[in-house]
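File shown: protein.tsv. Contents: TSV, C-alpha atoms.
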chain	number	residue	atom	x	y	z
S	270	MET	CA	193.09	82.57	156.51
S	271	SER	CA	193.24	84.98	153.55
S	272	ARG	CA	196.00	87.44	152.86
S	273	THR	CA	193.57	90.26	153.46
S	274	SER	CA	192.81	89.13	157.01
S	275	ARG	CA	196.49	88.51	157.72
S	276	GLY	CA	197.68	91.93	156.67
S	277	PRO	CA	195.32	94.90	156.68
S	278	GLU	CA	198.34	97.18	156.38
S	279	ARG	CA	199.14	95.48	153.08
S	280	VAL	CA	195.62	96.16	151.83
S	281	TRP	CA	195.94	99.85	152.70
S	282	ARG	CA	199.36	99.96	151.04
S	283	ASP	CA	197.96	98.43	147.84
S	284	ALA	CA	195.07	100.91	147.91
S	285	LEU	CA	197.44	103.84	148.41
S	286	VAL	CA	199.62	102.69	145.51
S	287	ALA	CA	196.58	102.41	143.22
S	288	VAL	CA	195.28	105.87	144.16
S	289	LEU	CA	198.65	107.58	143.84
S	290	ALA	CA	199.38	105.87	140.53
S	291	GLY	CA	195.97	106.81	139.14
S	292	PHE	CA	196.20	110.48	140.08
S	293	VAL	CA	199.83	110.75	138.98
S	294	ALA	CA	198.90	109.33	135.58
S	295	MET	CA	195.99	111.76	135.21
S	296	THR	CA	198.09	114.71	136.34
S	297	VAL	CA	200.93	113.94	133.93
S	298	VAL	CA	198.62	113.47	130.95
S	299	ALA	CA	196.57	116.58	131.81
S	300	ALA	CA	199.69	118.72	132.30
S	301	ALA	CA	201.20	117.53	129.02
S	302	GLY	CA	197.98	118.16	127.11
S	303	LEU	CA	197.45	121.61	128.59
S	304	ALA	CA	201.07	122.52	127.92
S	305	CYS	CA	200.61	121.56	124.27
S	306	ALA	CA	197.49	123.72	124.23
S	307	GLY	CA	199.47	126.70	125.55
S	308	ALA	CA	197.98	126.80	129.04
S	309	ASP	CA	201.44	126.81	130.61
S	310	GLY	CA	201.66	130.48	129.63
S	311	LEU	CA	198.66	131.56	131.70
S	312	PRO	CA	199.42	134.47	134.07
S	313	GLY	CA	199.32	134.47	137.83
S	314	GLY	CA	200.47	130.90	138.36
S	315	ALA	CA	197.21	129.57	136.95
S	316	PHE	CA	198.63	126.52	135.21
S	317	PRO	CA	198.67	124.08	138.17
S	318	HIS	CA	195.13	125.15	139.12
S	319	VAL	CA	193.95	124.42	135.57
S	320	VAL	CA	195.67	121.03	135.68
S	321	ALA	CA	193.88	120.25	138.94
S	322	ALA	CA	190.55	121.29	137.40
S	323	VAL	CA	191.09	118.99	134.41
S	324	VAL	CA	191.96	116.09	136.72
S	325	VAL	CA	188.82	116.76	138.75
S	326	MET	CA	186.66	116.70	135.62
S	327	ALA	CA	188.44	113.55	134.39
S	328	ALA	CA	187.68	111.79	137.69
S	329	GLY	CA	183.98	112.56	137.39
S	330	GLY	CA	183.98	115.88	139.23
S	331	THR	CA	182.20	119.11	138.41
S	332	VAL	CA	183.79	122.53	137.83
S	333	ASP	CA	181.63	125.67	137.91
S	334	VAL	CA	182.55	128.66	135.76
S	335	THR	CA	181.72	132.24	136.74
S	336	GLY	CA	182.51	135.65	135.30
S	337	GLY	CA	181.80	139.37	135.22
S	338	ALA	CA	183.20	142.86	134.85
S	339	GLY	CA	181.61	144.86	137.62
S	340	PHE	CA	178.65	146.96	136.49
S	341	LEU	CA	180.15	147.30	133.00
S	342	ALA	CA	179.60	143.84	131.57
S	343	ASP	CA	178.38	140.44	132.51
S	344	ALA	CA	179.99	137.15	131.56
S	345	GLN	CA	178.06	133.91	131.35
S	346	ALA	CA	179.97	130.66	130.98
S	347	GLY	CA	179.30	126.98	131.36
S	348	LEU	CA	181.30	123.85	130.62
S	349	SER	CA	180.20	120.23	130.74
S	350	VAL	CA	182.81	117.95	129.22
S	351	MET	CA	184.94	115.09	130.52
S	352	PRO	CA	188.54	114.95	129.20
S	353	LEU	CA	188.43	111.25	128.45
S	354	SER	CA	192.12	110.86	127.56
S	355	VAL	CA	192.95	111.88	131.12
S	356	SER	CA	190.17	109.68	132.49
S	357	LEU	CA	191.39	106.68	130.50
S	358	ALA	CA	194.98	107.09	131.73
S	359	GLY	CA	193.86	107.19	135.35
S	360	ALA	CA	191.38	104.34	134.93
S	361	LEU	CA	193.86	101.95	133.31
S	362	THR	CA	196.55	102.70	135.88
S	363	ALA	CA	194.30	102.44	138.94
S	364	ALA	CA	192.58	99.29	137.65
S	365	PHE	CA	195.91	97.57	136.99
S	366	CYS	CA	197.16	98.37	140.50
S	367	PHE	CA	193.86	97.24	142.03
S	368	LEU	CA	193.79	93.90	140.18
S	369	ARG	CA	197.46	92.96	140.48
S	370	PRO	CA	197.34	91.78	144.13
S	371	LEU	CA	194.26	89.65	143.31
S	372	ARG	CA	195.72	87.75	140.37
S	373	HIS	CA	196.66	84.65	142.41
S	374	HIS	CA	193.22	84.21	143.97
S	375	ALA	CA	190.80	81.78	142.35
S	376	VAL	CA	187.75	82.67	144.44
S	377	ALA	CA	187.24	85.53	146.86
S	378	ARG	CA	184.61	86.04	149.50
S	379	PRO	CA	182.48	89.18	149.20
S	380	ARG	CA	183.93	90.42	152.48
S	381	GLU	CA	187.46	90.15	151.13
S	382	LEU	CA	186.63	92.13	147.99
S	383	LEU	CA	184.84	94.74	150.10
S	384	LEU	CA	187.83	95.08	152.43
S	385	ARG	CA	190.07	95.66	149.43
S	386	ALA	CA	187.75	98.10	147.69
S	387	ALA	CA	186.78	100.22	150.71
S	388	PRO	CA	190.27	101.65	151.48
S	389	LEU	CA	190.83	102.41	147.80
S	390	VAL	CA	187.51	104.24	147.51
S	391	LEU	CA	188.16	106.22	150.70
S	392	LEU	CA	191.68	107.26	149.66
S	393	TRP	CA	190.45	108.08	146.15
S	394	LEU	CA	187.82	110.47	147.52
S	395	LEU	CA	190.38	112.10	149.83
S	396	ALA	CA	192.74	112.69	146.91
S	397	LEU	CA	189.88	113.98	144.78
S	398	THR	CA	188.92	116.39	147.57
S	399	ALA	CA	192.47	117.76	147.67
S	400	PHE	CA	192.47	118.32	143.91
S	401	ALA	CA	189.01	119.91	144.06
S	402	LEU	CA	190.08	122.39	146.74
S	403	TYR	CA	193.07	123.39	144.62
S	404	ALA	CA	191.07	123.64	141.39
S	405	ARG	CA	190.06	127.31	141.58
S	406	HIS	CA	191.35	130.43	139.84
S	407	THR	CA	190.22	133.64	138.11
S	408	PHE	CA	191.32	134.85	134.66
S	409	GLY	CA	191.34	138.31	133.14
S	410	LEU	CA	189.92	138.32	129.61
S	411	SER	CA	191.60	139.99	126.67
S	412	THR	CA	188.86	141.98	124.89
S	413	GLY	CA	191.04	143.45	122.15
S	414	GLY	CA	189.56	146.38	120.28
S	415	SER	CA	185.94	145.65	121.21
S	416	PRO	CA	183.74	148.31	122.83
S	417	ILE	CA	184.04	146.48	126.15
S	418	GLY	CA	187.82	146.59	125.88
S	419	GLU	CA	187.87	150.33	125.18
S	420	ILE	CA	185.47	151.19	127.99
S	421	SER	CA	187.09	148.83	130.47
S	422	GLU	CA	190.43	150.55	129.94
S	423	LEU	CA	188.84	153.86	130.91
S	424	LEU	CA	187.02	152.46	133.93
S	425	ASP	CA	189.67	149.93	134.92
S	426	SER	CA	187.07	147.15	134.93
S	427	THR	CA	188.49	144.14	133.09
S	428	PRO	CA	186.12	141.21	132.34
S	429	THR	CA	187.10	138.08	134.24
S	430	VAL	CA	186.17	134.43	134.19
S	431	GLY	CA	186.93	132.10	137.06
S	432	PHE	CA	186.43	128.43	137.83
S	433	GLU	CA	185.93	126.50	141.02
S	434	ALA	CA	185.26	122.83	141.69
S	435	ALA	CA	181.83	122.10	143.18
S	436	LEU	CA	182.88	119.87	146.08
S	437	PRO	CA	179.61	118.04	146.91
S	438	ALA	CA	178.87	117.21	143.26
S	439	THR	CA	182.52	116.28	142.70
S	440	LEU	CA	182.52	113.79	145.56
S	441	PHE	CA	179.18	112.27	144.51
S	442	PHE	CA	180.10	111.76	140.86
S	443	GLY	CA	183.67	110.86	141.82
S	444	LEU	CA	182.29	108.09	144.01
S	445	LEU	CA	180.22	106.76	141.11
S	446	TRP	CA	183.32	106.98	138.88
S	447	ILE	CA	185.59	104.93	141.12
S	448	LEU	CA	182.89	102.36	141.97
S	449	GLY	CA	182.14	101.93	138.28
S	450	LEU	CA	185.84	101.50	137.55
S	451	LEU	CA	186.26	98.78	140.19
S	452	LEU	CA	183.16	96.96	138.95
S	453	ILE	CA	184.28	97.06	135.31
S	454	SER	CA	187.77	95.91	136.34
S	455	LEU	CA	186.36	92.82	138.06
S	456	LEU	CA	184.07	92.09	135.11
S	457	VAL	CA	186.82	92.39	132.49
S	458	SER	CA	189.74	90.69	134.20
S	459	ARG	CA	190.12	86.98	133.57
S	460	ARG	CA	192.21	86.38	136.67
S	461	ALA	CA	190.40	88.54	139.20
S	462	PRO	CA	188.52	86.38	141.72
S	463	LEU	CA	184.76	86.42	142.09
S	464	PRO	CA	182.57	85.34	145.00
S	465	ALA	CA	181.60	81.67	144.71
S	466	ARG	CA	177.95	82.55	144.00
S	467	LEU	CA	178.94	84.66	140.99
S	468	VAL	CA	181.40	82.24	139.38
S	469	ARG	CA	178.57	80.69	137.34
S	470	PHE	CA	178.11	84.04	135.57
S	471	HIS	CA	181.76	84.09	134.49
S	472	GLU	CA	181.14	82.60	131.03
S	473	ALA	CA	178.23	84.91	130.28
S	474	VAL	CA	179.74	88.21	131.42
S	475	ARG	CA	183.51	88.33	131.37
S	476	PRO	CA	184.31	87.43	127.72
S	477	ALA	CA	181.71	89.89	126.43
S	478	ALA	CA	182.83	92.65	128.80
S	479	PHE	CA	186.46	92.09	127.84
S	480	ALA	CA	185.58	92.21	124.13
S	481	VAL	CA	183.75	95.55	124.47
S	482	VAL	CA	186.57	97.11	126.49
S	483	ALA	CA	189.09	95.81	123.92
S	484	LEU	CA	186.96	97.38	121.17
S	485	LEU	CA	186.95	100.77	122.89
S	486	LEU	CA	190.70	100.61	123.53
S	487	SER	CA	191.26	99.67	119.88
S	488	TYR	CA	189.47	102.80	118.81
S	489	ALA	CA	191.57	104.84	121.23
S	490	VAL	CA	194.81	103.33	119.88
S	491	LEU	CA	193.67	103.90	116.30
S	492	GLY	CA	192.88	107.51	117.20
S	493	VAL	CA	196.36	107.97	118.68
S	494	VAL	CA	197.96	106.65	115.47
S	495	ILE	CA	195.84	108.95	113.31
S	496	GLY	CA	196.58	111.89	115.60
S	497	LEU	CA	200.33	111.32	115.44
S	498	VAL	CA	200.22	111.04	111.65
S	499	VAL	CA	198.23	114.27	111.41
S	500	ALA	CA	200.62	116.03	113.79
S	501	ALA	CA	203.61	114.91	111.75
S	502	THR	CA	202.25	115.68	108.28
S	503	ARG	CA	199.75	118.53	108.46
S	504	GLY	CA	201.29	121.00	110.88
S	505	HIS	CA	199.74	122.39	114.07
S	506	ALA	CA	201.49	119.60	115.95
S	507	ARG	CA	201.03	121.13	119.40
S	508	GLU	CA	197.28	121.60	118.93
S	509	THR	CA	196.87	118.05	117.62
S	510	LEU	CA	198.85	116.58	120.49
S	511	ALA	CA	196.72	118.59	122.91
S	512	VAL	CA	193.62	116.91	121.50
S	513	VAL	CA	195.26	113.48	121.73
S	514	LEU	CA	196.32	114.00	125.34
S	515	LEU	CA	193.10	115.60	126.57
S	516	GLY	CA	190.12	114.42	124.57
S	517	LEU	CA	190.94	111.73	122.04
S	518	PRO	CA	188.23	109.27	123.20
S	519	ASN	CA	185.75	112.17	123.05
S	520	LEU	CA	186.18	111.90	119.26
S	521	ALA	CA	187.12	108.22	118.80
S	522	TRP	CA	184.30	106.64	120.78
S	523	PRO	CA	181.50	108.69	119.17
S	524	ALA	CA	183.07	107.66	115.85
S	525	LEU	CA	182.37	104.05	116.87
S	526	THR	CA	178.71	104.85	117.55
S	527	LEU	CA	178.45	106.62	114.18
S	528	GLY	CA	179.95	103.62	112.43
S	529	LEU	CA	177.27	101.44	114.04
S	530	GLY	CA	174.57	103.71	112.59
S	531	GLY	CA	174.02	105.90	115.64
S	532	ALA	CA	173.54	109.65	115.66
S	533	TRP	CA	174.40	112.73	117.69
S	534	GLN	CA	172.79	116.17	117.73
S	535	GLY	CA	174.59	119.43	118.24
S	536	HIS	CA	175.24	123.01	117.31
S	537	VAL	CA	178.28	125.31	117.12
S	538	GLU	CA	177.84	129.07	117.27
S	539	GLY	CA	180.34	131.92	117.42
S	540	PRO	CA	184.12	132.03	117.02
S	541	PHE	CA	184.73	129.70	119.92
S	542	GLY	CA	184.62	125.97	119.45
S	543	LEU	CA	186.18	122.76	120.59
S	544	PRO	CA	189.01	121.05	118.73
S	545	MET	CA	187.23	118.74	116.33
S	546	PRO	CA	187.59	117.56	112.73
S	547	HIS	CA	186.73	120.22	110.19
S	548	VAL	CA	183.97	118.11	108.64
S	549	LEU	CA	182.23	117.81	112.02
S	550	ASP	CA	182.50	121.56	112.59
S	551	GLN	CA	180.92	122.14	109.17
S	552	VAL	CA	177.96	119.90	109.98
S	553	LEU	CA	177.38	121.55	113.35
S	554	ARG	CA	177.61	125.19	112.15
S	555	THR	CA	174.02	125.62	111.08
S	556	PRO	CA	171.30	127.98	112.33
S	557	ASP	CA	169.37	125.12	113.93
S	558	LEU	CA	170.21	121.95	115.79
S	559	SER	CA	172.07	119.55	113.47
S	560	THR	CA	171.98	115.76	113.36
S	561	VAL	CA	175.40	114.16	113.05
S	562	ASP	CA	175.50	110.72	111.48
S	563	VAL	CA	177.49	109.05	108.73
S	564	GLY	CA	175.14	110.40	106.07
S	565	SER	CA	175.45	114.05	107.13
S	566	LEU	CA	179.23	113.73	107.44
S	567	ALA	CA	179.49	112.01	104.04
S	568	ARG	CA	177.69	114.93	102.38
S	569	GLN	CA	180.65	117.05	103.45
S	570	ASP	CA	183.36	114.41	102.96
S	571	ALA	CA	182.78	111.00	101.36
S	572	ARG	CA	185.58	109.49	103.45
S	573	ALA	CA	183.12	109.42	106.36
S	574	TRP	CA	181.87	106.07	105.03
S	575	TRP	CA	185.13	104.58	106.29
S	576	LEU	CA	183.61	104.84	109.77
S	577	VAL	CA	181.20	102.06	108.83
S	578	ALA	CA	183.95	99.83	107.42
S	579	VAL	CA	186.22	100.29	110.43
S	580	ALA	CA	183.37	99.63	112.86
S	581	ALA	CA	182.39	96.45	110.99
S	582	VAL	CA	185.92	95.03	111.00
S	583	LEU	CA	186.73	95.88	114.62
S	584	LEU	CA	183.34	94.76	115.90
S	585	LEU	CA	183.68	91.43	114.11
S	586	GLY	CA	187.11	91.11	115.72
S	587	ALA	CA	185.51	91.76	119.10
S	588	GLY	CA	182.98	89.00	118.43
S	589	PHE	CA	185.76	86.59	117.50
S	590	LEU	CA	187.75	87.54	120.60
S	591	MET	CA	184.76	87.01	122.86
S	592	ALA	CA	184.02	83.58	121.37
S	593	ALA	CA	187.67	82.52	121.51
S	594	ARG	CA	187.81	83.32	125.23
S	595	SER	CA	184.54	81.50	125.95
S	596	SER	CA	183.84	77.87	126.70
S	597	ALA	CA	182.89	75.57	123.86
S	598	ARG	CA	179.59	74.95	125.65
S	599	VAL	CA	178.34	78.45	124.79
S	600	ARG	CA	176.18	78.40	121.68
S	601	PRO	CA	176.27	81.01	118.88
S	602	TRP	CA	172.90	82.53	119.81
S	603	GLN	CA	174.18	82.96	123.38
S	604	HIS	CA	177.27	84.74	122.05
S	605	ALA	CA	174.96	87.03	120.08
S	606	LEU	CA	172.94	87.83	123.19
S	607	HIS	CA	176.01	88.40	125.38
S	608	LEU	CA	177.83	90.71	122.99
S	609	GLY	CA	174.66	92.57	122.03
S	610	VAL	CA	173.84	93.43	125.63
S	611	ALA	CA	177.47	94.25	126.48
S	612	LEU	CA	177.87	96.55	123.48
S	613	ALA	CA	174.56	98.29	124.20
S	614	LEU	CA	175.64	98.97	127.78
S	615	GLY	CA	179.10	100.09	126.65
S	616	THR	CA	177.56	102.41	124.07
S	617	LEU	CA	175.25	103.88	126.69
S	618	VAL	CA	178.24	104.63	128.93
S	619	VAL	CA	180.13	106.19	126.01
S	620	CYS	CA	177.14	108.38	125.15
S	621	LEU	CA	176.81	109.58	128.74
S	622	LEU	CA	180.53	110.34	129.08
S	623	ALA	CA	181.39	111.82	125.68
S	624	GLY	CA	178.69	114.48	125.42
S	625	VAL	CA	179.83	118.11	125.26
S	626	GLU	CA	178.08	121.33	126.28
S	627	ALA	CA	180.01	124.61	126.46
S	628	ARG	CA	178.91	128.23	126.26
S	629	PHE	CA	180.45	131.62	126.82
S	630	GLY	CA	179.09	135.11	126.33
S	631	LEU	CA	179.67	138.75	127.30
S	632	SER	CA	176.92	141.34	127.43
S	633	LEU	CA	177.62	145.06	127.56
S	634	LEU	CA	175.60	146.76	130.31
S	635	GLY	CA	173.28	143.74	130.27
S	636	ILE	CA	172.22	144.27	126.63
S	637	GLY	CA	172.86	141.39	124.23
S	638	ASP	CA	176.01	139.45	123.48
S	639	GLU	CA	179.10	141.37	122.50
S	640	ASP	CA	180.07	140.44	118.94
S	641	GLY	CA	183.09	138.18	118.74
S	642	LEU	CA	183.06	137.31	122.45
S	643	GLY	CA	180.28	134.73	122.62
S	644	GLY	CA	179.99	131.13	121.56
S	645	LYS	CA	178.18	127.86	122.13
S	646	VAL	CA	179.17	124.27	121.48
S	647	ARG	CA	176.80	121.37	121.99
S	648	LEU	CA	177.10	117.71	120.98
S	649	LEU	CA	174.80	115.16	122.65
S	650	PRO	CA	173.83	111.59	121.68
S	651	VAL	CA	170.51	110.47	120.25
S	652	LEU	CA	170.10	107.59	122.69
S	653	TRP	CA	166.87	106.11	121.27
S	654	ARG	CA	168.66	105.49	117.97
S	655	THR	CA	172.24	104.76	119.02
S	656	VAL	CA	171.77	102.23	121.84
S	657	PRO	CA	169.29	99.88	120.04
S	658	LEU	CA	171.52	99.84	116.95
S	659	ALA	CA	174.47	98.91	119.15
S	660	LEU	CA	172.41	96.05	120.57
S	661	LEU	CA	171.59	94.81	117.06
S	662	CYS	CA	175.13	95.19	115.69
S	663	GLY	CA	176.59	93.50	118.76
S	664	ALA	CA	174.24	90.56	118.37
S	665	VAL	CA	175.17	90.09	114.70
S	666	ALA	CA	178.89	90.40	115.46
S	667	GLY	CA	178.59	87.96	118.37
S	668	PHE	CA	176.88	85.35	116.19
S	669	LEU	CA	179.35	85.70	113.30
S	670	GLY	CA	182.31	85.79	115.70
S	671	ALA	CA	181.14	82.53	117.25
S	672	LEU	CA	181.02	80.87	113.83
S	673	LEU	CA	184.51	82.16	112.94
S	674	ALA	CA	185.97	81.07	116.29
S	675	ALA	CA	184.42	77.59	116.24
S	676	PRO	CA	187.56	75.88	114.80
S	677	VAL	CA	189.76	77.58	117.40
S	678	ARG	CA	187.50	76.52	120.26
S	679	ARG	CA	187.28	72.93	118.99
S	680	ARG	CA	191.05	72.72	118.65
S	681	ARG	CA	191.53	74.09	122.16
S	682	THR	CA	189.00	71.59	123.54
S	683	THR	CA	190.66	68.58	121.88
S	684	GLN	CA	194.16	69.65	122.96
S	685	SER	CA	193.24	70.28	126.61
S	686	PRO	CA	193.75	67.28	128.95
S	687	PRO	CA	190.62	65.65	130.43
S	688	SER	CA	189.69	66.87	133.87
Using C-alpha cells, write down the structure from this file.
Amino acid sequence: MSRTSRGPERVWRDALVAVLAGFVAMTVVAAAGLACAGADGLPGGAFPHVVAAVVVMAAGGTVDVTGGAGFLADAQAGLSVMPLSVSLAGALTAAFCFLRPLRHHAVARPRELLLRAAPLVLLWLLALTAFALYARHTFGLSTGGSPIGEISELLDSTPTVGFEAALPATLFFGLLWILGLLLISLLVSRRAPLPARLVRFHEAVRPAAFAVVALLLSYAVLGVVIGLVVAATRGHARETLAVVLLGLPNLAWPALTLGLGGAWQGHVEGPFGLPMPHVLDQVLRTPDLSTVDVGSLARQDARAWWLVAVAAVLLLGAGFLMAARSSARVRPWQHALHLGVALALGTLVVCLLAGVEARFGLSLLGIGDEDGLGGKVRLLPVLWRTVPLALLCGAVAGFLGALLAAPVRRRRTTQSPPS
C-alpha cells in the first residue's frame, strides 16, 4: 500500500505547505520589488492591494484597469504583462515542495500522482481567489499644471484609475499556470516518479527538459548579477532592484531568443514606458512598429553582439549537460532532436509569457489625448522566426554537446558495476 493511500491527511498537508510556500514567496518578492519602485508610498492603504494584484498577474491571473473623471475627462488604460520574477519565485518554491515528498518513489501509479496533484490544485485556486478578491483599488491621478488639472480643481473632478482582478479569467489562466508547473516539475526532476507506462520516455524527455530549464535559470542568474552590478555602480539602485525583483526574466529570456537569432516587434509612445535598457527604448521609439533583433540593437550599441556569444556558450553548455545526464545508448542525432524540440517548446512558452502590452491615455471632454498624459508600450514576439530558429539552434547544440560529453559518458559506463 502506498503512502498516499495510507495517509490522505499527509497528502493534504503537503499540498497546503506547497501552496502557502508558493504564495508567500510571490508575496515577499512582489512587496520588495514594489517597495523599491516606490509603491509603498501610495495613498489610501493601496500598497497591499497592489501587491495582491501583482501576485495575481504572476500566477497567471488577469487584472482589468479602468479610469475616468466624471464628464470632464475620460481615462483609457490597459495592461497585459506578467511579472516573471514573481512568477519564478513562486514556481520554484511550489515545485520544490511538491516534488520533495515524491523523491523516494521509483514508480508511481497515475492514481497516486492524481491524488497528490488534485489537493494542491484545489488549494492553489482557493488562495488565488482570495488574492483576486483583495486585488482592487482606485487611484487619484496627479495632473500637474495640465488643462485637465486646472479645470478639475475648479470642478472638483479628479481623474482616477482603478484596477480589479477579473475572477473568471484569473481562475482559468491560474488553473493552466499551476497544471503547467506540475507537469514541467515532473518532466524536469530526475527523482520524481513516473507511471510505469511513461518510464520508457524518461531518456528522451527528462534530460532535454532539465537542460532547457537550466538554460533559462542561467539567464535569470546572469541577469541578477548584471542587475546588482548596475545598481552598485551606476546609481538608481532602487529602480534597478525593482526591475530585478519584478520583471528580470521579462528582459533576460527575450535576450536569449535574440541571441538565437529571433526577433520581437514593438513600439513605445509618450512619456510613459516600462523599465528597460536604454538601447531597447531607442529602438522602440519610432513612428511605426519596430523590429527588435540583434542587428537593430547593434546599430544603437555594438555590445548587443554579446547576446549571440552568450547564447552560443550557454546553449552549448545545455547540450553538454543534457548528454551527460543521458544514457550512453542515446545517439548524437537523437540528442539533437531532443534538445531542438525542447528548446523550441521552451522558447514558445517564453514568447507567450514575456510579451508586454500597456497603454494609458486621458482625453479632455472626449477630444483627443491630453499631451503628456498618454503613452503606449508594446513588445511582442515574432513567432514564425523565433521558434524555428530555436529548433535549429537546439539541434546543433544537442549534437555538439553529445560529441563533447562522449568521454564523460563512456567513463561513467565503464566505472558503473554490471547489472
Identify, on the basis of only C-alpha atoms, every residue whose closest approach to region 561-578 of chain S does not exceed 9 Å; exclude the query and any residue fewer than 6 positions from it along the same chain; express the result as JSON, numbers by chain. {"S": [524, 525, 527, 528, 529, 530, 531, 532, 533, 534, 535, 548, 549, 551, 552, 553, 648]}
Generate the output file for the selected residues, C-alpha atoms, as a short mmCIF file (atom, residue, chain, number, x, y, z; two decimals), keeping the file's coordinate frame.
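Everything below was put into result-v9.cif:
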data_model
loop_
_atom_site.label_atom_id
_atom_site.label_comp_id
_atom_site.auth_asym_id
_atom_site.auth_seq_id
_atom_site.Cartn_x
_atom_site.Cartn_y
_atom_site.Cartn_z
CA ALA S 524 183.07 107.66 115.85
CA LEU S 525 182.37 104.05 116.87
CA LEU S 527 178.45 106.62 114.18
CA GLY S 528 179.95 103.62 112.43
CA LEU S 529 177.27 101.44 114.04
CA GLY S 530 174.57 103.71 112.59
CA GLY S 531 174.02 105.90 115.64
CA ALA S 532 173.54 109.65 115.66
CA TRP S 533 174.40 112.73 117.69
CA GLN S 534 172.79 116.17 117.73
CA GLY S 535 174.59 119.43 118.24
CA VAL S 548 183.97 118.11 108.64
CA LEU S 549 182.23 117.81 112.02
CA GLN S 551 180.92 122.14 109.17
CA VAL S 552 177.96 119.90 109.98
CA LEU S 553 177.38 121.55 113.35
CA LEU S 648 177.10 117.71 120.98
#
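Atom pair CA of Leu669 (chain S) / CA of Pro601 (chain S): separated by 7.9 Å.
With CA of Trp281 (chain S) on one side and CA of Ala360 (chain S) on the other, the separation reads 18.9 Å.
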Would you be able to write out as a VMD selection string which residues have an atom within 9 Å of (184.5, 117.0, 135.4) in the file's coordinates, counting only C-alpha atoms? chain S and resid 322 to 332 348 to 352 434 439 442 to 443
I want to know what sits within 12 Å of region 512-516 of chain S, based on only C-alpha atoms, with residues of the same chain fewer than 2 positions away left out; could you give that as a VMD selection string? chain S and resid 294 to 306 320 323 to 324 326 to 327 350 to 358 489 to 500 505 to 510 518 to 523 543 to 546 622 to 625
Straight-line distance linking CA of Thr616 (chain S) with CA of Asp557 (chain S), stated in Å to one decimal: 26.2 Å
Within 12 Å of file point (187.1, 85.8, 112.0), counting all atoms listed in the file, expressed as a ChimeraX atom specification: /S:581-593,666-677
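Nearest residue to Pro462 (chain S), choosing from S:Leu368, S:Ala386, S:Val579, S:Cys662 and counting all atoms listed in the file: S:Leu368.
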Can you pull out every residue within 9 Å of Ala473 (chain S), counting all atoms listed in the file, but drop anything in the same chain fewer than 3 positions away, and send it as JSON, numbers by chain? {"S": [469, 470, 476, 477, 595, 599, 603, 604, 607]}
May I have the centre and edge lengths, in Å to one decimal, of an axis-aligned box around the listed atoms of region 581-590 of chain S with 4 Å added to every side, as AutoDock Vina command-line options?
--center_x 185.1 --center_y 91.5 --center_z 115.8 --size_x 13.4 --size_y 17.9 --size_z 17.6
Which is closer to Arg380 (chain S) than all the others in S:Leu463, S:Ala399, S:Leu394, S:Ala580, using all atoms listed in the file? S:Leu463
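Comparing the minimum interatomic distances between Val288 (chain S) and each of S:Leu371, S:Leu444, S:Trp393, S:Val319, counting all atoms listed in the file, we find that S:Trp393 sits nearest.
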Across S:Ala627, S:Cys366, S:Leu621, S:Ala611, the smallest distance to Pro657 (chain S), with all atoms listed in the file counted, is shown by S:Ala611
Leaving out Leu395 (chain S) and any residue of its chain fewer than 4 positions from it, which residues lie within 12 Å of it when counting all atoms listed in the file, given as a list of chain:residue names? S:Leu285, S:Val288, S:Leu289, S:Phe292, S:Pro388, S:Leu389, S:Val390, S:Leu391, S:Ala399, S:Phe400, S:Ala401, S:Leu402, S:Leu436, S:Thr439, S:Leu440, S:Gly443, S:Leu444
